[in-house]
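Source file: start-v6.json. Holds: JSON, C-alpha atoms.
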```
[["chain", "number", "residue", "atom", "x", "y", "z"],
["U", 246, "MET", "CA", 94.36, 128.12, 138.62],
["U", 247, "ALA", "CA", 94.29, 126.33, 141.94],
["U", 248, "GLN", "CA", 97.27, 124.23, 142.99],
["U", 249, "ALA", "CA", 96.70, 120.71, 144.31],
["U", 250, "LYS", "CA", 97.88, 120.48, 147.91],
["U", 251, "ASN", "CA", 99.19, 116.92, 147.72],
["U", 252, "ARG", "CA", 101.22, 117.22, 144.55],
["U", 253, "PRO", "CA", 104.15, 114.82, 144.40],
["U", 254, "ILE", "CA", 107.54, 116.47, 144.59],
["U", 255, "SER", "CA", 110.43, 115.56, 142.37],
["U", 256, "PRO", "CA", 112.90, 112.99, 143.71],
["U", 257, "HIS", "CA", 115.67, 114.72, 145.54],
["U", 258, "LEU", "CA", 118.58, 113.86, 147.79],
["U", 259, "GLN", "CA", 116.29, 112.73, 150.60],
["U", 260, "ILE", "CA", 115.27, 109.56, 148.77],
["U", 261, "TRP", "CA", 118.46, 108.75, 146.84],
["U", 262, "ARG", "CA", 121.18, 106.67, 148.47],
["U", 263, "TRP", "CA", 124.65, 108.04, 147.91],
["U", 264, "GLY", "CA", 126.79, 105.84, 145.75],
["U", 265, "PRO", "CA", 130.15, 105.94, 144.02],
["U", 266, "ALA", "CA", 128.65, 107.07, 140.71],
["U", 267, "MET", "CA", 127.04, 110.12, 142.33],
["U", 268, "PHE", "CA", 130.30, 111.02, 144.08],
["U", 269, "VAL", "CA", 132.35, 110.69, 140.88],
["U", 270, "SER", "CA", 129.82, 112.71, 138.90],
["U", 271, "ILE", "CA", 129.99, 115.58, 141.40],
["U", 272, "LEU", "CA", 133.79, 115.29, 141.57],
["U", 273, "HIS", "CA", 133.89, 115.54, 137.76],
["U", 274, "ARG", "CA", 132.12, 118.91, 137.94],
["U", 275, "VAL", "CA", 134.30, 120.14, 140.82],
["U", 276, "THR", "CA", 137.55, 119.23, 139.07],
["U", 277, "GLY", "CA", 136.36, 120.86, 135.85],
["U", 278, "ASP", "CA", 135.58, 124.08, 137.69],
["U", 279, "GLY", "CA", 138.87, 123.90, 139.60],
["U", 280, "MET", "CA", 140.85, 123.56, 136.42],
["U", 281, "ALA", "CA", 138.84, 126.35, 134.79],
["U", 282, "PHE", "CA", 139.41, 128.87, 137.57],
["U", 283, "VAL", "CA", 142.68, 127.90, 139.28],
["U", 284, "GLY", "CA", 144.31, 126.37, 136.21],
["U", 285, "LEU", "CA", 143.44, 129.33, 134.03],
["U", 286, "GLY", "CA", 144.85, 131.73, 136.63],
["U", 287, "VAL", "CA", 148.13, 129.80, 136.83],
["U", 288, "LEU", "CA", 148.35, 129.54, 133.04],
["U", 289, "LEU", "CA", 147.75, 133.26, 132.53],
["U", 290, "TRP", "CA", 150.28, 134.13, 135.23],
["U", 291, "TRP", "CA", 152.85, 131.85, 133.57],
["U", 292, "ILE", "CA", 152.23, 133.37, 130.11],
["U", 293, "TYR", "CA", 152.55, 136.87, 131.54],
["U", 294, "ALA", "CA", 155.77, 135.91, 133.37],
["U", 295, "VAL", "CA", 157.29, 134.50, 130.18],
["U", 296, "ALA", "CA", 156.36, 137.60, 128.20],
["U", 297, "ALA", "CA", 157.41, 140.11, 130.87],
["U", 298, "GLY", "CA", 161.03, 139.00, 131.11],
["U", 299, "PRO", "CA", 163.46, 137.11, 133.31],
["U", 300, "ALA", "CA", 162.71, 138.93, 136.57],
["U", 301, "SER", "CA", 158.99, 138.29, 136.24],
["U", 302, "TYR", "CA", 159.57, 134.65, 135.35],
["U", 303, "GLU", "CA", 161.85, 134.20, 138.37],
["U", 304, "THR", "CA", 159.07, 135.52, 140.60],
["U", 305, "PHE", "CA", 156.63, 133.05, 139.07],
["U", 306, "ALA", "CA", 159.10, 130.18, 139.32],
["U", 307, "GLY", "CA", 159.81, 131.08, 142.94],
["U", 308, "HIS", "CA", 156.15, 130.86, 143.84],
["U", 309, "ALA", "CA", 155.58, 127.72, 141.75],
["U", 310, "GLY", "CA", 158.59, 126.05, 143.38],
["U", 311, "ALA", "CA", 157.55, 126.91, 146.93],
["U", 312, "TRP", "CA", 155.58, 124.38, 148.97],
["U", 313, "TYR", "CA", 152.26, 126.14, 148.36],
["U", 314, "GLY", "CA", 152.95, 126.37, 144.62],
["U", 315, "LYS", "CA", 153.69, 122.66, 144.47],
["U", 316, "VAL", "CA", 150.46, 121.92, 146.34],
["U", 317, "VAL", "CA", 148.53, 123.91, 143.73],
["U", 318, "LEU", "CA", 150.35, 122.20, 140.84],
["U", 319, "VAL", "CA", 149.88, 118.71, 142.30],
["U", 320, "GLY", "CA", 146.21, 119.53, 142.89],
["U", 321, "LEU", "CA", 145.81, 120.69, 139.30],
["U", 322, "THR", "CA", 147.54, 117.53, 138.08],
["U", 323, "TRP", "CA", 145.17, 115.34, 140.10],
["U", 324, "ALA", "CA", 142.18, 117.38, 138.92],
["U", 325, "PHE", "CA", 143.28, 116.91, 135.30],
["U", 326, "PHE", "CA", 143.68, 113.15, 135.58],
["U", 327, "ASN", "CA", 140.47, 112.74, 137.58],
["U", 328, "HIS", "CA", 138.48, 114.85, 135.11],
["U", 329, "MET", "CA", 139.97, 112.95, 132.18],
["U", 330, "ALA", "CA", 139.24, 109.52, 133.67],
["U", 331, "SER", "CA", 135.73, 110.56, 134.64],
["U", 332, "GLY", "CA", 135.16, 111.96, 131.16],
["U", 333, "LEU", "CA", 136.25, 108.66, 129.63],
["U", 334, "ARG", "CA", 133.90, 106.85, 132.02],
["U", 335, "HIS", "CA", 131.04, 109.11, 130.91],
["U", 336, "PHE", "CA", 131.97, 108.48, 127.27],
["U", 337, "VAL", "CA", 131.66, 104.72, 127.82],
["U", 338, "LEU", "CA", 128.30, 105.29, 129.49],
["U", 339, "ASP", "CA", 127.20, 107.47, 126.56],
["U", 340, "ILE", "CA", 127.82, 104.66, 124.10],
["U", 341, "GLY", "CA", 125.53, 102.44, 126.18],
["U", 342, "ALA", "CA", 128.01, 100.27, 128.08],
["U", 343, "GLY", "CA", 128.75, 99.99, 131.78],
["U", 344, "PHE", "CA", 125.26, 100.59, 133.17],
["U", 345, "GLU", "CA", 125.24, 97.38, 135.20],
["U", 346, "LEU", "CA", 125.32, 98.33, 138.88],
["U", 347, "LYS", "CA", 128.45, 96.36, 139.81],
["U", 348, "SER", "CA", 130.32, 97.52, 136.74],
["U", 349, "ASN", "CA", 129.29, 101.14, 137.22],
["U", 350, "ASN", "CA", 130.28, 101.11, 140.90],
["U", 351, "LEU", "CA", 133.62, 99.46, 140.11],
["U", 352, "TRP", "CA", 134.55, 102.02, 137.47],
["U", 353, "SER", "CA", 133.32, 104.82, 139.71],
["U", 354, "MET", "CA", 135.68, 103.71, 142.48],
["U", 355, "LEU", "CA", 138.59, 103.15, 140.09],
["U", 356, "THR", "CA", 138.35, 106.63, 138.55],
["U", 357, "PRO", "CA", 139.79, 108.64, 141.49],
["U", 358, "LEU", "CA", 142.29, 105.84, 142.22],
["U", 359, "PHE", "CA", 143.56, 106.02, 138.65],
["U", 360, "ALA", "CA", 143.85, 109.80, 138.99],
["U", 361, "LEU", "CA", 145.84, 109.41, 142.19],
["U", 362, "ALA", "CA", 148.17, 106.82, 140.63],
["U", 363, "ALA", "CA", 148.68, 108.92, 137.49],
["U", 364, "THR", "CA", 149.44, 111.98, 139.61],
["U", 365, "VAL", "CA", 152.00, 110.08, 141.69],
["U", 366, "VAL", "CA", 153.68, 108.68, 138.57],
["U", 367, "THR", "CA", 153.72, 112.08, 136.87],
["U", 368, "TRP", "CA", 155.26, 113.89, 139.85],
["U", 369, "THR", "CA", 157.73, 111.07, 140.44],
["U", 370, "VAL", "CA", 158.95, 111.46, 136.87],
["U", 371, "ILE", "CA", 159.05, 115.25, 137.20],
["U", 372, "LEU", "CA", 161.01, 115.16, 140.46],
["U", 373, "LEU", "CA", 163.48, 112.53, 139.20],
["U", 374, "LYS", "CA", 164.64, 114.78, 136.36]]
```

So, in terms of structure tokens, how does the structure I just supplied come out?
Amino acid sequence: MAQAKNRPISPHLQIWRWGPAMFVSILHRVTGDGMAFVGLGVLLWWIYAVAAGPASYETFAGHAGAWYGKVVLVGLTWAFFNHMASGLRHFVLDIGAGFELKSNNLWSMLTPLFALAATVVTWTVILLK
């Protein structure tokens, strides 16, 4: 079967303007993958350290309490809150609300800001204990 030479191609990134909703949708996938890979690794290491005894747990706690461990934990906290807020935004869209352009852009911009605020509040509470 012969192919037509001037077949239209599917819309792709060349014709779409980037907007907040596209950014938040991609960020939702990235944070989900980050929690799946990094978060699962940290969780499994923590479970192993608890099961292996005090010396193993002290090693884990030493790494988790170091500056690089805190960066990973703060990053996982932000990823959790961002993924949760974006998931709630998608849930609202799934029930048929929030499709108006201004409303969608507003909630798209508020999603990462909420995640940042929730992360700051969470780590403030953790560090004040």

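Interatomic distance, CA of Trp290 in chain U to CA of Tyr313 in chain U: 15.5 Å.
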
*Which residue, U:Leu346, U:Val317, U:Met354, U:Ala324, has the smallest gap to Phe268 in chain U when you use all atoms listed in the file?*
U:Met354

Once you add 4 Å to each side, what are the centre and edge lengths of the axis-aligned box holding all listed atoms of range 307-311 of chain U? One decimal in Å, as AutoDock Vina command-line options, if you can.
```
--center_x 157.7 --center_y 128.6 --center_z 144.3 --size_x 12.2 --size_y 13.0 --size_z 13.2
```

*If we count all atoms listed in the file, what is near Ala363 in chain U at a cut-off of 8 Å, once residues fewer than 3 positions away on the same chain are taken out, given as a list in words?*
Trp323, Phe326, Phe359, Ala360, Val366 and Thr367 of chain U

Keeping only C-alpha atoms, write the selected residues as a PDB file, in the frame of the given file.
```pdb
ATOM      1  CA  TRP U 323     145.170 115.340 140.100  1.00  0.00           C
ATOM      2  CA  PHE U 326     143.680 113.150 135.580  1.00  0.00           C
ATOM      3  CA  PHE U 359     143.560 106.020 138.650  1.00  0.00           C
ATOM      4  CA  ALA U 360     143.850 109.800 138.990  1.00  0.00           C
ATOM      5  CA  VAL U 366     153.680 108.680 138.570  1.00  0.00           C
ATOM      6  CA  THR U 367     153.720 112.080 136.870  1.00  0.00           C
TER       7      THR U 367
END
```

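Residue nearest Arg274 in chain U within the list U:Tyr293, U:Trp312, U:Phe325, U:Phe305: U:Phe325 [criterion: smallest interatomic distance, all atoms listed in the file].
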
*Could you check how far CA of Val269 in chain U sits from CA of Trp368 in chain U, in Å to one decimal?*
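Here the two named atoms are 23.2 Å from each other.
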
*Could you pull the residues within 12 Å of Lys315 in chain U, counting all atoms listed in the file, minus those fewer than 5 positions along the same chain, as a PyMOL selection string?*
chain U and resi 287+306-310+320-322+368+371-372

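The residue that comes closest to Asn327 in chain U, out of U:Ala266, U:Val370, U:Ala294, U:Leu358 and on the basis of all atoms listed in the file, is U:Leu358.
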
*Determine the nearest neighbour of Trp352 in chain U from the options U:Thr304, U:Thr369, U:Asn251, U:Ser331, counting only C-alpha atoms.*
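Among U:Thr304, U:Thr369, U:Asn251, U:Ser331, it is U:Ser331 that comes nearest to Trp352 in chain U.
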
*In Å, how far is it from CA of Ala281 in chain U to CA of Pro299 in chain U?*
26.9 Å

_Using only C-alpha atoms, which protein or nucleic acid residues come within 12 Å of Leu338 in chain U? Drop anything in the same chain fewer than 5 positions from it, and give the result as a list in words._
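The neighbour list is Ala266, Ser331, Gly332, Leu333, Gly343, Phe344, Glu345, Ser348, Asn349, Trp352 and Ser353 of chain U.
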